[in-house]
file data-v4.txt (compact mmCIF, C-alpha atoms)
# COMPACT_ATOMS: atom_id res chain seq x y z
CA MET Y 82 -13.69 88.96 57.01
CA ALA Y 83 -10.42 89.91 55.33
CA ILE Y 84 -10.60 92.12 52.27
CA ARG Y 85 -9.12 90.47 49.21
CA GLU Y 86 -6.55 92.55 47.37
CA GLY Y 87 -8.58 92.50 44.14
CA ASN Y 88 -11.63 94.14 45.70
CA LEU Y 89 -10.15 97.63 45.65
CA ALA Y 90 -8.44 97.43 42.26
CA ALA Y 91 -9.93 98.92 39.08
CA PRO Y 92 -12.02 96.51 36.99
CA THR Y 93 -10.12 94.84 34.17
CA ARG Y 94 -11.54 93.11 31.11
CA HIS Y 95 -10.17 89.89 29.68
CA PRO Y 96 -10.13 89.40 25.89
CA LEU Y 97 -13.12 87.49 24.55
CA ASP Y 98 -11.90 84.04 23.49
CA TRP Y 99 -14.68 83.68 20.93
CA ARG Y 100 -12.63 81.86 18.27
CA ASN Y 101 -11.77 79.00 20.63
CA PRO Y 102 -14.04 75.95 19.95
CA ALA Y 103 -14.40 75.51 23.72
CA PHE Y 104 -16.19 78.88 23.83
CA TYR Y 105 -19.20 77.16 22.21
CA ASP Y 106 -19.27 74.09 24.49
CA GLU Y 107 -22.81 74.26 25.88
CA ASP Y 108 -22.11 72.02 28.89
CA ALA Y 109 -19.12 74.14 29.89
CA LEU Y 110 -21.22 77.28 29.39
CA LEU Y 111 -24.00 76.02 31.65
CA LYS Y 112 -21.45 75.07 34.31
CA GLU Y 113 -20.01 78.59 34.24
CA MET Y 114 -23.50 80.12 34.29
CA ALA Y 115 -24.30 78.07 37.41
CA ARG Y 116 -21.11 79.32 39.10
CA VAL Y 117 -21.83 82.96 38.28
CA PHE Y 118 -25.56 82.77 39.03
CA GLU Y 119 -24.76 81.31 42.46
CA ILE Y 120 -22.57 84.32 43.23
CA CYS Y 121 -25.21 86.75 41.93
CA HIS Y 122 -27.91 85.05 43.98
CA GLY Y 123 -25.83 85.48 47.12
CA CYS Y 124 -25.21 89.16 46.42
CA ARG Y 125 -28.24 90.65 44.59
CA ARG Y 126 -26.75 94.14 44.31
CA CYS Y 127 -27.77 94.38 40.65
CA VAL Y 128 -31.50 93.75 41.14
CA SER Y 129 -32.45 97.30 40.09
CA LEU Y 130 -30.41 97.48 36.88
CA CYS Y 131 -32.44 95.54 34.31
CA GLN Y 132 -34.81 92.58 33.97
CA ALA Y 133 -32.09 89.91 33.79
CA PHE Y 134 -31.35 89.93 37.51
CA PRO Y 135 -34.97 89.97 38.77
CA THR Y 136 -35.61 87.08 36.38
CA LEU Y 137 -32.73 85.10 37.91
CA PHE Y 138 -33.72 85.87 41.48
CA ASP Y 139 -37.40 85.07 40.84
CA LEU Y 140 -36.37 81.69 39.41
CA VAL Y 141 -34.36 80.96 42.56
CA ASP Y 142 -37.08 82.17 44.91
CA ALA Y 143 -39.72 80.08 43.15
CA SER Y 144 -37.59 76.93 43.12
CA PRO Y 145 -38.30 74.02 45.53
CA THR Y 146 -34.99 74.50 47.34
CA LEU Y 147 -34.98 78.32 47.29
CA GLU Y 148 -31.43 77.96 45.95
CA LEU Y 149 -29.93 77.84 42.47
CA ASP Y 150 -29.76 74.04 42.53
CA GLY Y 151 -33.56 74.06 42.36
CA VAL Y 152 -33.60 75.98 39.07
CA ALA Y 153 -33.72 73.96 35.86
CA LYS Y 154 -30.78 74.70 33.60
CA SER Y 155 -33.21 75.13 30.70
CA ASP Y 156 -34.51 78.19 32.57
CA TYR Y 157 -31.07 79.83 32.52
CA TRP Y 158 -31.90 81.04 29.00
CA LYS Y 159 -34.70 83.19 30.43
CA VAL Y 160 -32.01 85.26 32.13
CA VAL Y 161 -29.95 85.50 28.94
CA GLU Y 162 -32.80 86.88 26.85
CA HIS Y 163 -33.24 89.86 29.19
CA CYS Y 164 -29.58 90.89 29.17
CA TYR Y 165 -28.84 93.54 26.55
CA LEU Y 166 -25.15 93.92 27.40
CA CYS Y 167 -25.40 97.40 28.92
CA ASP Y 168 -22.27 96.59 31.00
CA LEU Y 169 -23.49 98.52 34.04
CA CYS Y 170 -23.38 95.51 36.35
CA PHE Y 171 -19.70 95.00 35.49
CA MET Y 172 -18.72 98.68 35.69
CA THR Y 173 -20.88 100.08 38.50
CA LYS Y 174 -22.18 97.35 40.80
CA CYS Y 175 -20.31 94.05 40.90
CA PRO Y 176 -17.57 93.70 43.56
CA TYR Y 177 -16.36 90.41 42.07
CA VAL Y 178 -15.11 91.53 38.66
CA PRO Y 179 -11.47 90.89 37.65
CA PRO Y 180 -8.92 91.15 39.20
CA HIS Y 181 -11.03 89.60 42.01
CA GLU Y 182 -10.33 85.88 42.20
CA TRP Y 183 -13.95 85.04 41.39
CA ASN Y 184 -13.40 86.59 37.95
CA LEU Y 185 -17.04 87.49 37.33
CA ASP Y 186 -17.94 89.15 34.02
CA PHE Y 187 -21.71 88.82 33.76
CA PRO Y 188 -22.17 90.72 30.46
CA HIS Y 189 -19.55 88.71 28.61
CA LEU Y 190 -20.94 85.48 30.03
CA MET Y 191 -24.33 86.49 28.64
CA LEU Y 192 -22.64 87.36 25.35
CA ARG Y 193 -21.10 83.88 25.26
CA ALA Y 194 -24.53 82.38 25.96
CA LYS Y 195 -26.07 84.41 23.12
CA ALA Y 196 -23.30 83.25 20.79
CA VAL Y 197 -23.81 79.60 21.77
CA HIS Y 198 -27.58 79.91 21.32
CA TYR Y 199 -27.15 81.60 17.94
CA ARG Y 200 -24.78 78.87 16.72
CA LEU Y 201 -27.09 76.08 17.93
CA HIS Y 202 -30.49 77.56 17.10
CA GLY Y 203 -30.04 80.64 14.93
CA ALA Y 204 -32.50 83.52 15.45
CA LYS Y 205 -35.97 84.59 14.42
CA LEU Y 206 -36.30 86.28 11.04
CA ARG Y 207 -37.58 89.38 12.87
CA ASP Y 208 -34.45 89.55 15.02
CA LYS Y 209 -32.16 89.06 12.03
CA LEU Y 210 -33.91 91.89 10.18
CA LEU Y 211 -33.98 94.27 13.15
CA THR Y 212 -30.23 93.83 13.60
CA SER Y 213 -29.50 94.18 9.85
CA THR Y 214 -29.49 97.94 10.16
CA ASP Y 215 -27.57 98.64 6.94
CA LEU Y 216 -30.03 96.61 4.88
CA VAL Y 217 -33.15 98.05 6.53
CA GLY Y 218 -31.83 101.62 6.41
CA SER Y 219 -30.83 101.42 2.75
CA PHE Y 220 -34.24 100.12 1.71
CA CYS Y 221 -36.35 102.33 3.99
CA GLY Y 222 -34.25 105.37 3.07
CA ILE Y 223 -35.47 105.28 -0.55
CA PRO Y 224 -37.61 108.46 -0.81
CA ILE Y 225 -40.97 106.94 -1.70
CA VAL Y 226 -40.36 103.98 0.63
CA ALA Y 227 -39.42 106.28 3.54
CA GLN Y 228 -42.69 108.18 3.16
CA ALA Y 229 -44.69 104.96 3.06
CA VAL Y 230 -42.90 103.39 6.04
CA ASN Y 231 -43.26 106.55 8.15
CA ALA Y 232 -46.97 106.77 7.33
CA ALA Y 233 -47.46 103.10 8.14
CA ASN Y 234 -45.70 103.50 11.51
CA ARG Y 235 -48.25 106.18 12.43
CA THR Y 236 -51.28 104.05 11.41
CA GLN Y 237 -52.67 101.89 14.19
CA PRO Y 238 -54.36 99.21 12.01
CA LEU Y 239 -51.08 98.68 10.14
CA ARG Y 240 -49.13 98.63 13.42
CA ALA Y 241 -51.54 95.99 14.73
CA LEU Y 242 -50.89 93.93 11.60
CA LEU Y 243 -47.13 94.40 12.03
CA GLN Y 244 -47.40 93.10 15.60
CA GLN Y 245 -49.36 90.07 14.46
CA ILE Y 246 -47.02 89.22 11.59
CA ALA Y 247 -43.60 90.30 12.87
CA GLY Y 248 -43.90 90.55 16.66
CA ILE Y 249 -43.13 94.29 16.73
CA HIS Y 250 -45.36 95.81 19.39
CA ARG Y 251 -48.08 98.08 18.07
CA ASP Y 252 -47.49 100.69 20.79
CA ALA Y 253 -43.69 100.78 20.70
CA TRP Y 254 -41.91 103.93 19.57
CA LEU Y 255 -40.38 103.42 16.14
CA PRO Y 256 -37.99 105.92 14.52
CA GLU Y 257 -38.83 107.62 11.27
CA PHE Y 258 -36.64 107.19 8.20
CA SER Y 259 -35.01 110.07 6.38
CA SER Y 260 -34.79 109.99 2.60
CA ARG Y 261 -31.67 112.19 2.73
CA SER Y 262 -28.99 110.49 4.78
CA LEU Y 263 -26.58 112.13 7.17
CA ARG Y 264 -23.67 110.88 5.07
CA ALA Y 265 -25.06 112.83 2.11
CA ARG Y 266 -25.11 115.98 4.26
CA LEU Y 267 -21.60 115.72 5.69
CA PRO Y 268 -18.47 117.33 4.19
CA ARG Y 269 -16.47 115.03 1.94
CA LEU Y 270 -13.00 113.91 2.94
CA ARG Y 271 -9.97 116.04 2.10
CA TYR Y 272 -6.76 114.45 3.32
CA ASP Y 273 -4.94 117.80 3.18
CA THR Y 274 -7.27 119.38 5.75
CA PRO Y 275 -5.24 121.01 8.54
CA GLY Y 276 -6.04 120.57 12.21
CA GLU Y 277 -4.94 122.36 15.37
CA PRO Y 278 -3.71 119.77 17.90
CA ALA Y 279 -4.48 120.25 21.58
CA GLY Y 280 -3.56 117.68 24.21
CA LYS Y 281 -4.71 114.24 23.05
CA THR Y 282 -6.76 115.71 20.20
CA ARG Y 283 -5.52 116.54 16.71
CA GLY Y 284 -8.18 119.11 15.85
CA LYS Y 285 -9.80 117.31 12.94
CA VAL Y 286 -12.45 114.63 13.26
CA ALA Y 287 -13.98 112.02 10.97
CA LEU Y 288 -17.59 111.36 11.96
CA PHE Y 289 -18.77 107.75 11.86
CA ALA Y 290 -22.37 108.48 10.93
CA THR Y 291 -23.87 105.29 12.50
CA CYS Y 292 -26.88 103.49 11.04
CA TYR Y 293 -29.36 105.37 13.22
CA MET Y 294 -28.09 108.91 12.70
CA ASN Y 295 -27.48 108.24 9.01
CA ARG Y 296 -30.95 107.00 8.14
CA ASN Y 297 -33.24 107.92 11.03
CA GLU Y 298 -32.15 111.15 12.69
CA PRO Y 299 -29.52 113.09 10.72
CA GLY Y 300 -30.21 116.42 12.46
CA PRO Y 301 -27.84 115.93 15.44
CA GLY Y 302 -25.06 115.01 13.00
CA GLU Y 303 -25.47 118.38 11.28
CA ASP Y 304 -25.51 120.04 14.71
CA LEU Y 305 -22.21 118.33 15.58
CA VAL Y 306 -20.62 119.74 12.44
CA LYS Y 307 -21.81 123.24 13.39
CA VAL Y 308 -20.55 122.97 16.99
CA PHE Y 309 -17.19 121.46 16.05
CA THR Y 310 -16.46 123.88 13.21
CA HIS Y 311 -17.50 126.78 15.46
CA ASN Y 312 -14.66 125.60 17.70
CA GLY Y 313 -12.12 125.37 14.91
CA ILE Y 314 -12.35 121.58 14.56
CA ALA Y 315 -12.43 120.30 10.99
CA VAL Y 316 -15.09 117.62 10.38
CA THR Y 317 -15.47 115.12 7.57
CA ARG Y 318 -17.38 111.91 7.05
CA VAL Y 319 -15.86 108.46 7.16
CA PRO Y 320 -15.50 107.62 3.43
CA SER Y 321 -17.24 104.25 3.71
CA GLU Y 322 -18.90 102.57 6.66
CA ARG Y 323 -21.06 99.67 7.69
CA CYS Y 324 -22.90 99.06 10.96
CA CYS Y 325 -20.46 99.05 13.87
CA GLY Y 326 -21.64 95.53 14.74
CA MET Y 327 -23.30 96.17 18.11
CA PRO Y 328 -26.77 94.91 17.05
CA LYS Y 329 -25.26 91.64 15.78
CA LEU Y 330 -23.13 91.38 18.94
CA GLU Y 331 -26.27 91.54 21.06
CA LEU Y 332 -27.83 88.87 18.85
CA GLY Y 333 -24.82 86.60 19.37
CA ASP Y 334 -23.87 86.58 15.68
CA LEU Y 335 -20.15 87.09 16.18
CA GLU Y 336 -19.23 86.20 12.61
CA ALA Y 337 -21.38 89.11 11.42
CA VAL Y 338 -19.50 91.34 13.87
CA ARG Y 339 -16.24 90.13 12.35
CA ALA Y 340 -17.51 90.88 8.83
CA ALA Y 341 -18.45 94.45 9.80
CA LYS Y 342 -15.06 94.88 11.45
CA GLU Y 343 -13.26 93.70 8.32
CA HIS Y 344 -14.89 96.53 6.39
CA ASN Y 345 -14.77 99.34 8.95
CA ILE Y 346 -11.39 98.96 10.62
CA PRO Y 347 -9.17 99.34 7.52
CA VAL Y 348 -11.08 102.50 6.52
CA LEU Y 349 -10.85 103.98 10.01
CA ALA Y 350 -7.19 103.01 10.43
CA ARG Y 351 -6.29 104.85 7.22
CA LEU Y 352 -8.01 107.95 8.58
CA VAL Y 353 -6.02 107.71 11.81
CA ASP Y 354 -2.80 107.35 9.83
CA ALA Y 355 -3.78 110.49 7.90
CA GLY Y 356 -4.09 112.48 11.13
CA TRP Y 357 -7.82 112.27 11.83
CA ASP Y 358 -9.49 111.58 15.16
CA LEU Y 359 -12.76 109.59 15.17
CA THR Y 360 -16.14 110.09 16.79
CA ALA Y 361 -19.78 108.98 16.62
CA LEU Y 362 -23.03 110.25 18.12
CA ILE Y 363 -24.33 106.86 19.32
CA PRO Y 364 -22.61 105.72 22.55
CA SER Y 365 -23.05 102.06 21.62
CA CYS Y 366 -21.08 102.58 18.42
CA VAL Y 367 -18.32 104.42 20.27
CA LEU Y 368 -18.18 101.59 22.83
CA MET Y 369 -17.98 99.03 20.04
CA PHE Y 370 -14.77 100.56 18.72
CA LYS Y 371 -13.34 101.49 22.13
CA GLN Y 372 -14.07 98.23 23.95
CA GLU Y 373 -15.84 95.32 22.28
CA LEU Y 374 -13.81 95.03 19.08
CA PRO Y 375 -10.48 95.45 20.95
CA LEU Y 376 -11.56 92.63 23.29
CA MET Y 377 -12.62 90.42 20.38
CA PHE Y 378 -9.46 91.16 18.36
CA PRO Y 379 -6.76 91.96 20.93
CA ASP Y 380 -3.90 91.16 18.53
CA ASP Y 381 -5.13 93.30 15.64
CA ARG Y 382 -2.96 96.42 15.57
CA ASP Y 383 -5.42 98.40 13.45
CA VAL Y 384 -8.25 97.66 15.90
CA GLN Y 385 -6.10 98.99 18.74
CA LYS Y 386 -5.10 102.02 16.65
CA VAL Y 387 -8.76 102.86 16.01
CA LYS Y 388 -9.55 102.34 19.70
CA ASP Y 389 -6.97 104.94 20.73
CA ALA Y 390 -8.28 107.50 18.22
CA PHE Y 391 -12.01 107.08 18.93
CA PHE Y 392 -13.69 109.65 21.20
CA ASP Y 393 -17.14 110.35 22.53
CA PRO Y 394 -18.02 113.79 21.03
CA PHE Y 395 -18.42 115.46 24.42
CA GLU Y 396 -15.25 113.82 25.66
CA TYR Y 397 -13.51 115.39 22.66
CA LEU Y 398 -14.91 118.86 23.37
CA ALA Y 399 -14.00 118.55 27.06
CA LEU Y 400 -10.42 117.64 26.17
CA ARG Y 401 -10.23 120.70 23.92
CA HIS Y 402 -11.64 122.88 26.68
CA LYS Y 403 -8.99 121.60 29.08
CA GLU Y 404 -6.36 122.91 26.64
CA GLY Y 405 -8.10 126.30 26.26
CA LYS Y 406 -9.37 125.49 22.77
CA LEU Y 407 -13.13 125.60 23.32
CA ARG Y 408 -15.18 128.71 22.68
CA THR Y 409 -17.44 129.77 25.56
CA ASP Y 410 -19.34 132.52 23.72
CA PHE Y 411 -22.71 131.00 24.54
CA ALA Y 412 -25.50 133.30 23.41
CA ARG Y 413 -28.67 131.60 24.63
CA PRO Y 414 -29.39 130.23 28.13
CA LEU Y 415 -30.65 126.66 28.23
CA GLY Y 416 -32.28 126.81 31.65
CA LYS Y 417 -33.15 123.53 33.35
CA VAL Y 418 -32.02 120.43 31.47
CA ALA Y 419 -32.93 116.86 32.43
CA TYR Y 420 -30.05 114.74 31.18
CA HIS Y 421 -30.34 110.97 30.87
CA ALA Y 422 -26.87 109.41 31.09
CA ALA Y 423 -26.82 106.57 28.57
CA CYS Y 424 -25.52 103.21 29.81
CA HIS Y 425 -23.02 102.69 26.99
CA GLN Y 426 -21.57 106.13 27.59
CA ARG Y 427 -21.32 105.70 31.36
CA VAL Y 428 -19.26 102.52 31.01
CA GLN Y 429 -16.64 104.22 28.83
CA ASN Y 430 -14.97 105.59 31.98
CA ILE Y 431 -14.72 109.13 30.65
CA GLY Y 432 -16.72 110.87 33.36
CA PRO Y 433 -19.87 113.01 32.91
CA LYS Y 434 -18.52 115.05 29.99
CA THR Y 435 -21.91 115.82 28.48
CA LYS Y 436 -23.13 117.19 31.79
CA GLU Y 437 -19.97 119.26 32.18
CA LEU Y 438 -20.34 120.84 28.72
CA LEU Y 439 -24.02 121.62 29.26
CA GLN Y 440 -23.18 123.24 32.59
CA LEU Y 441 -20.42 125.22 30.89
CA ALA Y 442 -23.13 126.49 28.54
CA GLY Y 443 -25.07 127.72 31.59
CA ALA Y 444 -27.59 124.88 31.97
CA GLU Y 445 -28.92 123.66 35.31
CA VAL Y 446 -28.48 119.93 34.78
CA GLU Y 447 -30.34 117.15 36.56
CA THR Y 448 -28.62 113.85 35.76
CA ILE Y 449 -30.72 110.68 35.52
CA GLU Y 450 -28.73 107.46 35.82
CA ARG Y 451 -31.39 104.81 35.22
CA CYS Y 452 -31.71 102.49 32.26
CA SER Y 453 -34.36 103.50 29.74
CA GLY Y 454 -35.10 99.88 28.86
CA HIS Y 455 -34.90 100.49 25.11
CA ASP Y 456 -31.69 98.75 23.98
CA GLY Y 457 -32.15 99.39 20.27
CA THR Y 458 -34.48 96.45 19.58
CA TYR Y 459 -35.58 95.14 23.01
CA ALA Y 460 -38.35 97.71 23.54
CA VAL Y 461 -40.00 97.17 20.16
CA LYS Y 462 -40.40 93.39 20.50
CA SER Y 463 -43.86 92.28 21.58
CA GLU Y 464 -42.59 89.91 24.28
CA TYR Y 465 -40.41 92.56 25.96
CA HIS Y 466 -42.27 95.82 25.35
CA ALA Y 467 -44.13 95.81 28.69
CA VAL Y 468 -40.86 95.28 30.56
CA ALA Y 469 -39.20 98.06 28.58
CA MET Y 470 -42.04 100.43 29.44
CA LYS Y 471 -41.71 99.49 33.12
CA LEU Y 472 -37.97 100.11 33.09
CA GLY Y 473 -38.50 103.43 31.32
CA LYS Y 474 -40.95 104.68 33.95
CA ALA Y 475 -38.29 105.53 36.55
CA PRO Y 476 -36.32 107.92 34.31
CA ALA Y 477 -39.56 109.28 32.83
CA ASP Y 478 -40.85 110.10 36.32
CA ARG Y 479 -37.58 111.85 37.14
CA VAL Y 480 -37.93 114.02 34.05
CA GLU Y 481 -41.52 114.85 34.96
CA LYS Y 482 -40.58 115.75 38.53
CA TYR Y 483 -37.74 118.05 37.44
CA ALA Y 484 -39.98 119.91 34.93
CA PRO Y 485 -37.08 120.93 32.66
CA ALA Y 486 -37.00 123.29 29.74
CA HIS Y 487 -35.18 120.54 27.81
CA PHE Y 488 -34.79 116.78 28.08
CA CYS Y 489 -31.82 115.05 26.43
CA SER Y 490 -29.79 111.85 26.27
CA ASP Y 491 -26.63 110.89 24.41
CA CYS Y 492 -28.51 107.80 23.23
CA ALA Y 493 -31.23 109.12 20.95
CA MET Y 494 -33.22 105.88 21.00
CA ALA Y 495 -33.19 105.79 24.80
CA GLY Y 496 -34.26 109.43 24.93
CA HIS Y 497 -37.13 108.91 22.52
CA HIS Y 498 -38.27 105.84 24.44
CA ILE Y 499 -38.32 107.78 27.73
CA ALA Y 500 -40.24 110.56 26.02
CA HIS Y 501 -42.63 107.90 24.67
CA VAL Y 502 -43.15 106.53 28.18
CA ARG Y 503 -43.97 110.09 29.27
CA GLY Y 504 -46.53 110.32 26.48
CA ASP Y 505 -44.69 113.25 24.91
CA ALA Y 506 -42.53 111.76 22.18
CA LYS Y 507 -41.57 115.12 20.68
CA ARG Y 508 -40.03 116.48 23.89
CA PHE Y 509 -36.53 115.19 23.31
CA ALA Y 510 -33.33 116.75 21.98
CA HIS Y 511 -29.85 115.38 21.56
CA PRO Y 512 -27.37 117.24 23.84
CA ILE Y 513 -25.25 118.25 20.82
CA SER Y 514 -28.35 120.01 19.48
CA LEU Y 515 -28.73 121.82 22.81
CA LEU Y 516 -25.08 122.90 22.64
CA ARG Y 517 -25.65 124.33 19.18
CA LEU Y 518 -28.75 126.09 20.52
CA ALA Y 519 -26.69 127.57 23.37
CA TYR Y 520 -24.08 128.85 20.92
CA GLY Y 521 -26.83 130.40 18.79
CA ILE Y 522 -25.29 129.10 15.56

call {"tool": "encode", "arguments": {"input": "data-v4.txt", "output": "structure tokens"}}
result
Amino acid sequence: MAIREGNLAAPTRHPLDWRNPAFYDEDALLKEMARVFEICHGCRRCVSLCQAFPTLFDLVDASPTLELDGVAKSDYWKVVEHCYLCDLCFMTKCPYVPPHEWNLDFPHLMLRAKAVHYRLHGAKLRDKLLTSTDLVGSFCGIPIVAQAVNAANRTQPLRALLQQIAGIHRDAWLPEFSSRSLRARLPRLRYDTPGEPAGKTRGKVALFATCYMNRNEPGPGEDLVKVFTHNGIAVTRVPSERCCGMPKLELGDLEAVRAAKEHNIPVLARLVDAGWDLTALIPSCVLMFKQELPLMFPDDRDVQKVKDAFFDPFEYLALRHKEGKLRTDFARPLGKVAYHAACHQRVQNIGPKTKELLQLAGAEVETIERCSGHDGTYAVKSEYHAVAMKLGKAPADRVEKYAPAHFCSDCAMAGHHIAHVRGDAKRFAHPISLLRLAYGI
């Protein structure tokens, strides 16, 4: 069989035509889902990635014809609900992505399906609340409320009641809330702050705190400030921020994504104009600004400007190291480190920068490239928790087998979920915290 020219070309992403009324045509959507599902059924390379593909293939294999034409179109939505837009099928497995003539973009097809479903049917109150991270964080970050919520999350009878009322699984790992936010701990903005440029970097960084690091786990944010300033990189906080929009994107609420963008992008663009680079400690948030928003708003110059200035924190440090601007005075050996490579970092096409920096610090790194199954909200929902635990078992077993001194992941929620699957929820550290430990600062 002749090899098509597109097969060997790098994957390319088409802009998301979400403002076109035809985007929400359910009949056209189902027709496109049938076309793509037929291709996936004939290939099946992605069966090990997540639950979406086994769900599709099980539907086909259980159908009267043993082909896609035997699957009811109403069952297509069972595939959609298990896709959490990790992007790994597009970036690491599928041979039919653009520029191949079959033009297969499974994650963005699932995103379109979620958007159509949200417009037609809305979402459960639970799902709307779980994805309203600014609202939940602001309320649960009130000192007396944070203490009460954290205590309730550790009380089994209350967790059982929460499962019954809200559908949040009683055994799922839930993050604690901090009454003192990361934003309150970060240095305030000074526009006259100097920076030392090196290569693509300008030597001063504005940290987008993210909902999770701001209200749930501020420690790694403080560690980033220590590591960056130790390397002569000025750090400040973004003056004002809202959720990046990724939770609402995964819900299919694209108008809520637009609203978050309308707040965040002007603030971030002004920082870029003032000479600041941008970073965040949650890979999903970085991906939102580097990929999803540019694809949703391809003609917005400020969105593209922010995209070009946004870096993964370890990507940033690696770029500085390439220019001879990274200190290597590591004072404490890390030993064996099991490193879970987060999906939304892997698909940024930056290479294994976290692994490289940990190795530079003297660590023996075992990389684990399997999905944790957490996905921010997927693992806590009663109907998906068992699947999330099953998906998390493979990386958890790899950690156990390696017997490391430290276990880390760029995605804190994924790391905590894997640690939860292991039954040792406290044995997790963010890699930026390990780098600070290695520096002894």

call {"tool": "residues_around", "arguments": {"input": "data-v4.txt", "residues": "Gly521 in chain Y", "least_positions_apart": "5", "cutoff": "9 Å", "atoms": "all atoms listed in the file", "output": "list in words"}}
result
Phe411, Ala412, Arg413 and Leu516 of chain Y

call {"tool": "closest_residue", "arguments": {"input": "data-v4.txt", "among": "Y:Tyr199, Y:Tyr165, Y:Trp183, Y:Phe370", "to": "Phe134 in chain Y", "atoms": "only C-alpha atoms"}}
result
Y:Tyr165

call {"tool": "atom_distance", "arguments": {"input": "data-v4.txt", "atom1": "CA of Leu210 in chain Y", "atom2": "CA of Ala241 in chain Y"}}
result
18.7 Å

call {"tool": "closest_residue", "arguments": {"input": "data-v4.txt", "among": "Y:Ser490, Y:Thr282, Y:Thr291, Y:Thr173", "to": "Val367 in chain Y", "atoms": "only C-alpha atoms"}}
result
Y:Thr291

call {"tool": "residues_around", "arguments": {"input": "data-v4.txt", "residues": "range 107-119 of chain Y", "least_positions_apart": "4", "cutoff": "8 Å", "atoms": "all atoms listed in the file", "output": "VMD selection string"}}
result
chain Y and resid 103 123 137 149 154 157 185 187 190 193 to 194 197

call {"tool": "closest_residue", "arguments": {"input": "data-v4.txt", "among": "Y:Val348, Y:Leu400, Y:Ala253, Y:Ala337", "to": "Pro278 in chain Y", "atoms": "all atoms listed in the file"}}
result
Y:Leu400

call {"tool": "closest_residue", "arguments": {"input": "data-v4.txt", "among": "Y:Arg451, Y:Lys205, Y:Arg517, Y:Arg261", "to": "Cys131 in chain Y", "atoms": "all atoms listed in the file"}}
result
Y:Arg451

call {"tool": "residues_around", "arguments": {"input": "data-v4.txt", "residues": "Leu267 in chain Y", "least_positions_apart": "2", "cutoff": "6 Å", "atoms": "all atoms listed in the file", "output": "NGL selection string"}}
result
:Y and (264-265 or 318)

call {"tool": "atom_distance", "arguments": {"input": "data-v4.txt", "atom1": "CA of Asp252 in chain Y", "atom2": "CA of His511 in chain Y"}}
result
23.0 Å

call {"tool": "closest_residue", "arguments": {"input": "data-v4.txt", "among": "Y:Trp99, Y:Phe258, Y:Phe309, Y:Tyr272", "to": "Cys292 in chain Y", "atoms": "all atoms listed in the file"}}
result
Y:Phe258

call {"tool": "residues_around", "arguments": {"input": "data-v4.txt", "residues": "Glu162 in chain Y", "least_positions_apart": "6", "cutoff": "9 Å", "atoms": "all atoms listed in the file", "output": "JSON, numbers by chain"}}
result
{"Y": [133, 191, 195]}

call {"tool": "atom_distance", "arguments": {"input": "data-v4.txt", "atom1": "CA of Ala227 in chain Y", "atom2": "CA of Ser260 in chain Y"}}
result
6.0 Å

call {"tool": "closest_residue", "arguments": {"input": "data-v4.txt", "among": "Y:Glu396, Y:Asp215, Y:Asp106, Y:Glu450", "to": "Ala475 in chain Y", "atoms": "all atoms listed in the file"}}
result
Y:Glu450

call {"tool": "residues_near_point", "arguments": {"input": "data-v4.txt", "point": "(-41.9, 104.3, 29.1)", "cutoff": "12 Å", "atoms": "only C-alpha atoms", "output": "mmCIF file with C-alpha atoms, in the frame of the given file"}}
result
data_model
loop_
_atom_site.group_PDB
_atom_site.id
_atom_site.type_symbol
_atom_site.label_atom_id
_atom_site.label_comp_id
_atom_site.auth_asym_id
_atom_site.auth_seq_id
_atom_site.Cartn_x
_atom_site.Cartn_y
_atom_site.Cartn_z
ATOM 1 C CA ASP Y 252 -47.490 100.690 20.790
ATOM 2 C CA ALA Y 253 -43.690 100.780 20.700
ATOM 3 C CA TRP Y 254 -41.910 103.930 19.570
ATOM 4 C CA CYS Y 452 -31.710 102.490 32.260
ATOM 5 C CA SER Y 453 -34.360 103.500 29.740
ATOM 6 C CA GLY Y 454 -35.100 99.880 28.860
ATOM 7 C CA HIS Y 455 -34.900 100.490 25.110
ATOM 8 C CA ALA Y 460 -38.350 97.710 23.540
ATOM 9 C CA VAL Y 461 -40.000 97.170 20.160
ATOM 10 C CA HIS Y 466 -42.270 95.820 25.350
ATOM 11 C CA ALA Y 467 -44.130 95.810 28.690
ATOM 12 C CA VAL Y 468 -40.860 95.280 30.560
ATOM 13 C CA ALA Y 469 -39.200 98.060 28.580
ATOM 14 C CA MET Y 470 -42.040 100.430 29.440
ATOM 15 C CA LYS Y 471 -41.710 99.490 33.120
ATOM 16 C CA LEU Y 472 -37.970 100.110 33.090
ATOM 17 C CA GLY Y 473 -38.500 103.430 31.320
ATOM 18 C CA LYS Y 474 -40.950 104.680 33.950
ATOM 19 C CA ALA Y 475 -38.290 105.530 36.550
ATOM 20 C CA PRO Y 476 -36.320 107.920 34.310
ATOM 21 C CA ALA Y 477 -39.560 109.280 32.830
ATOM 22 C CA ASP Y 478 -40.850 110.100 36.320
ATOM 23 C CA ARG Y 479 -37.580 111.850 37.140
ATOM 24 C CA VAL Y 480 -37.930 114.020 34.050
ATOM 25 C CA MET Y 494 -33.220 105.880 21.000
ATOM 26 C CA ALA Y 495 -33.190 105.790 24.800
ATOM 27 C CA GLY Y 496 -34.260 109.430 24.930
ATOM 28 C CA HIS Y 497 -37.130 108.910 22.520
ATOM 29 C CA HIS Y 498 -38.270 105.840 24.440
ATOM 30 C CA ILE Y 499 -38.320 107.780 27.730
ATOM 31 C CA ALA Y 500 -40.240 110.560 26.020
ATOM 32 C CA HIS Y 501 -42.630 107.900 24.670
ATOM 33 C CA VAL Y 502 -43.150 106.530 28.180
ATOM 34 C CA ARG Y 503 -43.970 110.090 29.270
ATOM 35 C CA GLY Y 504 -46.530 110.320 26.480
ATOM 36 C CA ASP Y 505 -44.690 113.250 24.910
ATOM 37 C CA ALA Y 506 -42.530 111.760 22.180
#
